[in-house]
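Following: one structure in structure tokens, then a few remarks.
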Amino acid sequence: MSEPFAADFEGLLRQALAPVDPPEDLVQRLEGTLMSLTELAAGELESWEIGAMRDPRNWVRPVAAAAIGTVAGAGLVVLRVRSQQKHRKALSANTAEFAEHTVRAIGAEVRKLVSRD
């Protein structure tokens with residue numbers, strides 16, 4: 001490999017792998033999308049009729065709604081808990097206390113999400 005090509009290649013790699021800042025409203029957009037997914041999934045589950053359980057072909061939509069709602073809800077909890085990490089870290093004296101605050105925050109966010117539906 002020639003020396004000028006190697007230097008150019010390294011420069012191209014450095015340029016291609018440079019960190020990119022996300023848009024400022026990314027968290028709000030992501031939270032809105034996850035919230036609408038959980039609400040849609042909850043609505044789908046509420047509209048499902050118990051009498052339809054006899055036929056397994058009718059199970060696809062409720063199962064998909066439950067899976068999508070669970071994943072979106074978990075993502076929403078992680079996003080909200082992660083956004084307050086610096087605050088909890090400042091309140092904690094050690095790692096164990098930080099872990100305890102984080103677990104409590106996760107529980108609080110899950111309760112908020114479940115009570116909303």
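In the structure tokens, each chain is lettered A, B, ... as it comes, each chain's residues begin at 1, and ligands are numbered from 1 in order of appearance.
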
So which residues touch region 23-38 of chain A within 7 Å, counting only C-alpha atoms, skipping near sequence neighbours fewer than 6 positions away, as a ChimeraX atom specification?
-> /A:69,72-73,76

Write out as a PyMOL selection string which residues come within 12 Å of Arg116 (chain A) when counting only C-alpha atoms, dropping same-chain ones fewer than 2 positions away.
-> chain A and resi 35+38-39+42+73+109-114

Written selection (N, CA and C atoms) as a CSV table (one decimal), in the first residue's frame:
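Okay, part_27.csv is ready:
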```
chain,number,residue,atom,x,y,z
A,35,MET,N,-45.3,6.1,23.1
A,35,MET,CA,-46.5,6.3,23.8
A,35,MET,C,-47.7,6.0,22.9
A,38,THR,N,-48.0,2.2,22.5
A,38,THR,CA,-48.6,1.5,23.7
A,38,THR,C,-50.1,1.8,23.8
A,39,GLU,N,-50.5,3.0,23.4
A,39,GLU,CA,-52.0,3.3,23.4
A,39,GLU,C,-52.7,2.5,22.4
A,42,ALA,N,-53.0,-1.1,23.5
A,42,ALA,CA,-54.0,-1.2,24.6
A,42,ALA,C,-55.4,-1.1,24.0
A,73,GLY,N,-43.7,-0.2,25.7
A,73,GLY,CA,-43.7,0.2,27.1
A,73,GLY,C,-42.4,0.1,27.8
A,109,GLU,N,-42.1,4.5,37.0
A,109,GLU,CA,-42.4,4.7,35.6
A,109,GLU,C,-43.4,3.5,35.1
A,110,VAL,N,-43.1,2.3,35.5
A,110,VAL,CA,-44.0,1.2,35.2
A,110,VAL,C,-45.4,1.4,35.7
A,111,ARG,N,-45.5,1.9,37.0
A,111,ARG,CA,-46.8,2.2,37.6
A,111,ARG,C,-47.5,3.3,36.8
A,112,LYS,N,-46.8,4.3,36.4
A,112,LYS,CA,-47.4,5.4,35.7
A,112,LYS,C,-48.0,4.9,34.3
A,113,LEU,N,-47.2,4.1,33.7
A,113,LEU,CA,-47.6,3.5,32.4
A,113,LEU,C,-48.8,2.6,32.5
A,114,VAL,N,-48.8,1.8,33.5
A,114,VAL,CA,-49.9,0.8,33.7
A,114,VAL,C,-51.1,1.5,34.1
```

Counting only C-alpha atoms, the option among A:Ala108, A:Gly11, A:Ala18, A:Glu46 closest to Val78 (chain A) |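 Closest to Val78 (chain A) of all the choices is A:Ala108.
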
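For the pair CA of Leu91 (chain A) and CA of Ile106 (chain A), the separation is 16.1 Å.
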
Given the choices A:Gly75, A:Pro19, A:Pro62, A:Gly107, which gets closest to Trp48 (chain A) if the distance is worked out from only C-alpha atoms?
->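 Residue with the minimum atom-to-atom distance to Trp48 (chain A): A:Pro62.
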
CA of Arg104 (chain A) and CA of Ala66 (chain A), how far apart in Å?
-> 24.6 Å

Quick one, how far is CA of Val77 (chain A) from CA of Asp21 (chain A)?
->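 Separating CA of Val77 (chain A) from CA of Asp21 (chain A) is a distance of 22.8 Å.
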
Please give the complete set of residues from region 9-96 of chain A that DSSP, run on the backbone, assigns to helix (DSSP H, G or I), formatted as a short mmCIF file (atom, residue, chain, number, x, y, z; two decimals) with N, CA and C atoms, in the first residue's frame.
```cif
data_model
loop_
_atom_site.label_atom_id
_atom_site.label_comp_id
_atom_site.auth_asym_id
_atom_site.auth_seq_id
_atom_site.Cartn_x
_atom_site.Cartn_y
_atom_site.Cartn_z
N PHE A 9 -6.83 7.18 3.18
CA PHE A 9 -7.78 6.19 3.68
C PHE A 9 -8.09 6.43 5.15
N GLU A 10 -7.05 6.71 5.93
CA GLU A 10 -7.26 7.00 7.35
C GLU A 10 -8.09 8.27 7.54
N GLY A 11 -7.84 9.27 6.73
CA GLY A 11 -8.63 10.50 6.80
C GLY A 11 -10.08 10.26 6.45
N LEU A 12 -10.32 9.44 5.42
CA LEU A 12 -11.69 9.11 5.04
C LEU A 12 -12.41 8.34 6.15
N LEU A 13 -11.71 7.40 6.77
CA LEU A 13 -12.29 6.65 7.89
C LEU A 13 -12.62 7.58 9.06
N ARG A 14 -11.69 8.47 9.38
CA ARG A 14 -11.92 9.41 10.48
C ARG A 14 -13.15 10.27 10.20
N GLN A 15 -13.28 10.71 8.95
CA GLN A 15 -14.42 11.55 8.57
C GLN A 15 -15.73 10.75 8.62
N ALA A 16 -15.69 9.51 8.15
CA ALA A 16 -16.90 8.69 8.12
C ALA A 16 -17.35 8.28 9.51
N LEU A 26 -35.21 14.61 19.35
CA LEU A 26 -35.26 13.16 19.17
C LEU A 26 -35.95 12.46 20.34
N VAL A 27 -35.62 12.85 21.55
CA VAL A 27 -36.20 12.19 22.73
C VAL A 27 -37.71 12.41 22.77
N GLN A 28 -38.15 13.62 22.48
CA GLN A 28 -39.59 13.90 22.51
C GLN A 28 -40.31 13.12 21.40
N ARG A 29 -39.72 13.05 20.21
CA ARG A 29 -40.34 12.31 19.11
C ARG A 29 -40.40 10.83 19.42
N LEU A 30 -39.30 10.30 19.97
CA LEU A 30 -39.26 8.87 20.30
C LEU A 30 -40.26 8.55 21.41
N GLU A 31 -40.34 9.41 22.41
CA GLU A 31 -41.29 9.19 23.50
C GLU A 31 -42.73 9.25 22.99
N GLY A 32 -43.01 10.18 22.10
CA GLY A 32 -44.35 10.28 21.52
C GLY A 32 -44.71 9.05 20.70
N THR A 33 -43.76 8.56 19.92
CA THR A 33 -44.00 7.36 19.11
C THR A 33 -44.24 6.15 20.00
N LEU A 34 -43.41 5.97 21.01
CA LEU A 34 -43.58 4.82 21.92
C LEU A 34 -44.90 4.92 22.67
N MET A 35 -45.27 6.11 23.08
CA MET A 35 -46.53 6.29 23.81
C MET A 35 -47.72 5.97 22.91
N SER A 36 -47.67 6.41 21.65
CA SER A 36 -48.79 6.11 20.75
C SER A 36 -48.86 4.62 20.44
N LEU A 37 -47.71 3.95 20.35
CA LEU A 37 -47.72 2.50 20.14
C LEU A 37 -48.35 1.77 21.32
N THR A 38 -48.01 2.18 22.53
CA THR A 38 -48.60 1.51 23.70
C THR A 38 -50.10 1.77 23.77
N GLU A 39 -50.53 2.98 23.43
CA GLU A 39 -51.96 3.29 23.45
C GLU A 39 -52.71 2.51 22.37
N LEU A 40 -52.13 2.41 21.18
CA LEU A 40 -52.76 1.63 20.11
C LEU A 40 -52.86 0.15 20.49
N ALA A 41 -51.80 -0.37 21.08
CA ALA A 41 -51.81 -1.78 21.50
C ALA A 41 -52.86 -2.01 22.58
N ALA A 42 -52.95 -1.09 23.53
CA ALA A 42 -53.97 -1.22 24.58
C ALA A 42 -55.37 -1.15 23.99
N GLY A 43 -55.57 -0.26 23.04
CA GLY A 43 -56.88 -0.16 22.39
C GLY A 43 -57.24 -1.43 21.63
N GLU A 44 -56.25 -2.02 20.97
CA GLU A 44 -56.48 -3.26 20.24
C GLU A 44 -56.85 -4.38 21.20
N LEU A 45 -56.17 -4.45 22.33
CA LEU A 45 -56.47 -5.50 23.30
C LEU A 45 -57.84 -5.30 23.94
N GLU A 46 -58.21 -4.04 24.17
CA GLU A 46 -59.53 -3.77 24.76
C GLU A 46 -60.66 -4.13 23.81
N SER A 47 -60.43 -3.95 22.51
CA SER A 47 -61.50 -4.21 21.54
C SER A 47 -61.62 -5.69 21.20
N ILE A 50 -63.66 -11.66 23.93
CA ILE A 50 -63.30 -12.92 24.61
C ILE A 50 -63.85 -14.12 23.84
N GLY A 51 -64.98 -13.99 23.21
CA GLY A 51 -65.58 -15.09 22.46
C GLY A 51 -64.73 -15.52 21.27
N ALA A 52 -63.85 -14.67 20.82
CA ALA A 52 -63.00 -15.00 19.67
C ALA A 52 -61.85 -15.93 20.05
N MET A 53 -61.69 -16.24 21.31
CA MET A 53 -60.59 -17.11 21.75
C MET A 53 -60.74 -18.54 21.25
N ARG A 54 -61.93 -18.94 20.89
CA ARG A 54 -62.15 -20.32 20.45
C ARG A 54 -61.37 -20.64 19.19
N PRO A 56 -58.07 -20.16 17.09
CA PRO A 56 -56.69 -19.67 17.20
C PRO A 56 -56.28 -18.70 16.09
N ARG A 57 -56.98 -18.71 14.97
CA ARG A 57 -56.65 -17.77 13.90
C ARG A 57 -56.92 -16.33 14.32
N ASN A 58 -57.76 -16.14 15.30
CA ASN A 58 -58.08 -14.80 15.78
C ASN A 58 -57.08 -14.31 16.83
N TRP A 59 -56.13 -15.10 17.18
CA TRP A 59 -55.18 -14.74 18.23
C TRP A 59 -54.04 -13.87 17.73
N VAL A 60 -53.84 -13.78 16.43
CA VAL A 60 -52.66 -13.08 15.89
C VAL A 60 -52.65 -11.61 16.28
N ARG A 61 -53.73 -10.90 16.07
CA ARG A 61 -53.75 -9.46 16.37
C ARG A 61 -53.56 -9.18 17.86
N PRO A 62 -54.26 -9.88 18.76
CA PRO A 62 -54.04 -9.60 20.19
C PRO A 62 -52.63 -9.96 20.65
N VAL A 63 -52.08 -11.05 20.12
CA VAL A 63 -50.71 -11.43 20.51
C VAL A 63 -49.73 -10.39 20.00
N ALA A 64 -49.91 -9.96 18.75
CA ALA A 64 -49.04 -8.92 18.21
C ALA A 64 -49.18 -7.62 18.99
N ALA A 65 -50.41 -7.26 19.35
CA ALA A 65 -50.65 -6.04 20.12
C ALA A 65 -49.99 -6.13 21.49
N ALA A 66 -50.08 -7.29 22.12
CA ALA A 66 -49.45 -7.47 23.43
C ALA A 66 -47.93 -7.36 23.32
N ALA A 67 -47.37 -7.97 22.29
CA ALA A 67 -45.91 -7.92 22.11
C ALA A 67 -45.45 -6.50 21.80
N ILE A 68 -46.13 -5.83 20.90
CA ILE A 68 -45.75 -4.47 20.54
C ILE A 68 -45.93 -3.53 21.72
N GLY A 69 -47.02 -3.67 22.44
CA GLY A 69 -47.26 -2.83 23.61
C GLY A 69 -46.22 -3.05 24.70
N THR A 70 -45.83 -4.31 24.89
CA THR A 70 -44.82 -4.61 25.91
C THR A 70 -43.47 -4.02 25.54
N VAL A 71 -43.06 -4.21 24.30
CA VAL A 71 -41.75 -3.69 23.86
C VAL A 71 -41.75 -2.16 23.87
N ALA A 72 -42.82 -1.55 23.37
CA ALA A 72 -42.89 -0.08 23.38
C ALA A 72 -42.94 0.47 24.80
N GLY A 73 -43.68 -0.20 25.67
CA GLY A 73 -43.73 0.24 27.07
C GLY A 73 -42.39 0.11 27.76
N ALA A 74 -41.69 -0.98 27.50
CA ALA A 74 -40.35 -1.16 28.09
C ALA A 74 -39.39 -0.10 27.56
N GLY A 75 -39.47 0.19 26.28
CA GLY A 75 -38.63 1.24 25.71
C GLY A 75 -38.93 2.59 26.31
N LEU A 76 -40.20 2.86 26.54
CA LEU A 76 -40.60 4.12 27.15
C LEU A 76 -40.08 4.24 28.58
N VAL A 77 -40.17 3.15 29.33
CA VAL A 77 -39.64 3.15 30.70
C VAL A 77 -38.14 3.39 30.69
N VAL A 78 -37.42 2.69 29.82
CA VAL A 78 -35.96 2.86 29.74
C VAL A 78 -35.62 4.29 29.35
N LEU A 79 -36.32 4.84 28.39
CA LEU A 79 -36.05 6.21 27.93
C LEU A 79 -36.26 7.22 29.05
N ARG A 80 -37.35 7.07 29.78
CA ARG A 80 -37.65 8.02 30.87
C ARG A 80 -36.69 7.87 32.05
N VAL A 81 -36.35 6.62 32.39
CA VAL A 81 -35.43 6.40 33.51
C VAL A 81 -34.03 6.89 33.14
N ARG A 82 -33.64 6.64 31.91
CA ARG A 82 -32.31 7.06 31.44
C ARG A 82 -32.18 8.59 31.42
N SER A 83 -33.28 9.28 31.11
CA SER A 83 -33.21 10.74 31.03
C SER A 83 -32.97 11.39 32.40
N GLN A 85 -31.02 9.99 34.81
CA GLN A 85 -29.88 9.29 35.42
C GLN A 85 -28.94 10.25 36.15
N LYS A 86 -28.63 11.39 35.57
CA LYS A 86 -27.71 12.33 36.21
C LYS A 86 -28.26 12.83 37.54
N HIS A 87 -29.55 13.07 37.58
CA HIS A 87 -30.18 13.54 38.82
C HIS A 87 -30.08 12.48 39.92
N ARG A 88 -30.38 11.22 39.57
CA ARG A 88 -30.29 10.15 40.56
C ARG A 88 -28.85 9.93 41.01
N LYS A 89 -27.91 10.07 40.09
CA LYS A 89 -26.51 9.87 40.44
C LYS A 89 -26.04 10.96 41.42
N ALA A 90 -26.52 12.18 41.22
CA ALA A 90 -26.16 13.27 42.12
C ALA A 90 -26.74 13.05 43.51
N LEU A 91 -27.90 12.42 43.62
CA LEU A 91 -28.53 12.18 44.91
C LEU A 91 -27.92 10.99 45.66
N THR A 95 -22.71 3.39 44.82
CA THR A 95 -23.30 2.63 43.72
C THR A 95 -24.57 1.89 44.15
N ALA A 96 -24.56 1.36 45.35
CA ALA A 96 -25.74 0.62 45.83
C ALA A 96 -26.94 1.55 45.96
#
```
